[in-house]
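First comes the structure, then the notes that go with it.
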Amino acid sequence: MIEKILLADSGTGQSEAMLKALMEIPVIQRAFVTVLHVVPAQVSANAMTEKWEEGGKVLAKAIQSLNLDSDHVAAVLRQGEPKDVVCKVAEELNTDLIIMGSRGLKRLVSILENSVSQYVFQLSSSPMLLVKDDIYVRKINKVMVAIDRSAASKQSLTLALSLVRDIKGGQLLLVHVDSDAKKAEKTGADAEKEPSLAAAVSEAKKAGVAYRSILGSGKAGEALCRLAEDNKADLLMLGSPERRPSIAKGLPDLDRLLGTSLSDYVRVYANCPVLLTRTAA
């Protein structure tokens, strides 16, 4: 259940639009939202004062734009390195979901350019909803969830069911990707017969959620992004283990960052917002 949302608001991008779309879902409307803006450290007192004033204006504008119940929203202005502050505040608040904008940088570029969203994605243990700056945020109706046998996938499915169950006319797209590129893709009743989707289909039926099954093939990341676009998914969900053990969170894990992570690929190339649920690595 999502009860505490942290919106990391830089004053640009689509993060506010994403929260508005999410807050249209009844089960999310009960959540408490913390809007965070981070002011970078400044050398001079005059520059610091100016940045604090600008930050206050960003928060005031965001609170007004979001139009949330005053009892369910708080504004937080902090100073420091944005990526570190977002992780720290998320931990302090025991956040159930972080919403962040993303430039959609590829892995190596994101490291070299010190990407805030990539760093938080790498080190935070909280679920994350990443929305790229260059996509249009639509009303959430079709939710696609990637299905495999992992605990992270099961957690993602549980959350997806709770969301779609509350969306009038909503549909859950259950997708499993077979690594055999030669295997024919299937949809609907044909895909439901696949053992890889059987448990997810059963859960959707028990929840009374409208669903459609899709069996893709090929490289998982490429297939998920293509299927999300072909089926006009408004939100793509997949499980993503916490990236590092807690004792080793001092530095980003370059090997993992530069590896072939499915969630890394999808967050860069998907043409819709991506919600990554987390389980301990």
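Residue numbering restarts at 1 in every chain; chains get A, B, ... in the order shown in the structure tokens, and ligands count up from 1 in that same order.
Proximity to stretch 48-62 of chain A at 7 Å, evaluated using only C-alpha atoms and with sequence-adjacent residues fewer than 3 positions away removed, yields Gly11, His37, Val39, Gln42, Ser44, Ala45, Ser65, Leu66, Ala75 and Leu77 of chain A.
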File of the preceding selection, N, CA and C atoms, as a tab-separated table (two decimals), in the first residue's frame:
```
chain	number	residue	atom	x	y	z
A	11	GLY	N	11.47	21.65	-10.13
A	11	GLY	CA	10.87	22.83	-10.75
A	11	GLY	C	10.76	22.71	-12.25
A	37	HIS	N	12.19	20.03	-2.43
A	37	HIS	CA	13.06	20.75	-3.36
A	37	HIS	C	14.40	20.94	-2.67
A	39	VAL	N	18.10	22.76	-2.49
A	39	VAL	CA	18.92	23.91	-2.87
A	39	VAL	C	20.38	23.50	-2.79
A	42	GLN	N	25.94	26.78	-1.63
A	42	GLN	CA	26.47	27.97	-2.30
A	42	GLN	C	27.71	28.49	-1.54
A	44	SER	N	28.79	31.90	-1.48
A	44	SER	CA	28.55	33.19	-0.83
A	44	SER	C	27.19	33.23	-0.15
A	45	ALA	N	27.09	34.10	0.86
A	45	ALA	CA	25.84	34.25	1.60
A	45	ALA	C	24.74	34.81	0.69
A	65	SER	N	-0.09	24.15	-7.64
A	65	SER	CA	-0.42	23.41	-8.85
A	65	SER	C	-1.03	22.04	-8.54
A	66	LEU	N	-0.50	21.38	-7.51
A	66	LEU	CA	-0.97	20.03	-7.18
A	66	LEU	C	-2.37	20.05	-6.57
A	75	ALA	N	5.59	20.61	2.49
A	75	ALA	CA	6.68	21.10	1.64
A	75	ALA	C	7.97	21.08	2.45
A	77	LEU	N	12.13	22.05	2.16
A	77	LEU	CA	13.23	22.70	1.45
A	77	LEU	C	14.52	22.34	2.18
```
Sorted per-residue table, stretch 19-90 of chain A near stretch 163-177 of chain A, closest atoms and distance, 8 Å, only C-alpha atoms, as CSV:
```
residue,atom,partner,partner_atom,distance
A:Ile25,CA,A:Ile167,CA,6.0
A:Pro26,CA,A:Asp166,CA,6.0
A:Val27,CA,A:Asp166,CA,6.4
A:Ile28,CA,A:Leu163,CA,8.0
```
A:Met23 surroundings by only C-alpha atoms, 12 Å radius, close-in-sequence under 3 positions cut, as an NGL selection string: :A and (2-3 or 5 or 16-20 or 26-33 or 66-69 or 72 or 139-140 or 163 or 166-167)
Stretch 198-215 of chain A environment, 12 Å, only C-alpha atoms, sequence neighbours closer than 6 positions dropped, as a PyMOL selection string: chain A and resi 141-149+153-181+183-192+223-224+227-228+230-231+233
Secondary structure check, alpha helix (DSSP H) residues of stretch 63-189 of chain A, as number ranges by chain: A: 63-66, 82-93, 107-112, 116-123, 151-164, 188-189
For A:Pro40, the nearest of the candidates A:Pro195, A:Gly80, A:Gly13, A:Gly101, counting only C-alpha atoms: A:Gly80
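Among the candidates A:Glu194, A:Asp134, A:Asp96, A:Glu229, the residue lying nearest to A:Leu276 is A:Asp96 (atoms considered: only C-alpha atoms).
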Interatomic distance (Å, one decimal) between atom CA of A:Gly239 and atom CA of A:Asp84: 23.3 Å
Backbone DSSP call of strand (DSSP E) for stretch 15-195 of chain A, listed as a count of residues only: 41
Counting only C-alpha atoms, the residue of A:Pro273, A:Glu222, A:Lys4, A:Ser15 that sits nearest A:Ser126: A:Lys4
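Closest approach to A:Cys272 from the set A:Ser150, A:Gln79, A:Ser102, A:Thr34 is made by A:Ser102, with distances taken over only C-alpha atoms.
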Shell around A:Val120 at 8 Å using only C-alpha atoms, local window under 5 positions removed, as a ChimeraX atom specification: /A:83-84,86-87
Selection: 12 Å around A:Leu130, only C-alpha atoms, excl. self and same-chain fewer than 5 positions, as a PyMOL selection string: chain A and resi 7-8+13-19+97-104+116-118+120-121+135+137+235-238+263-264+266-277
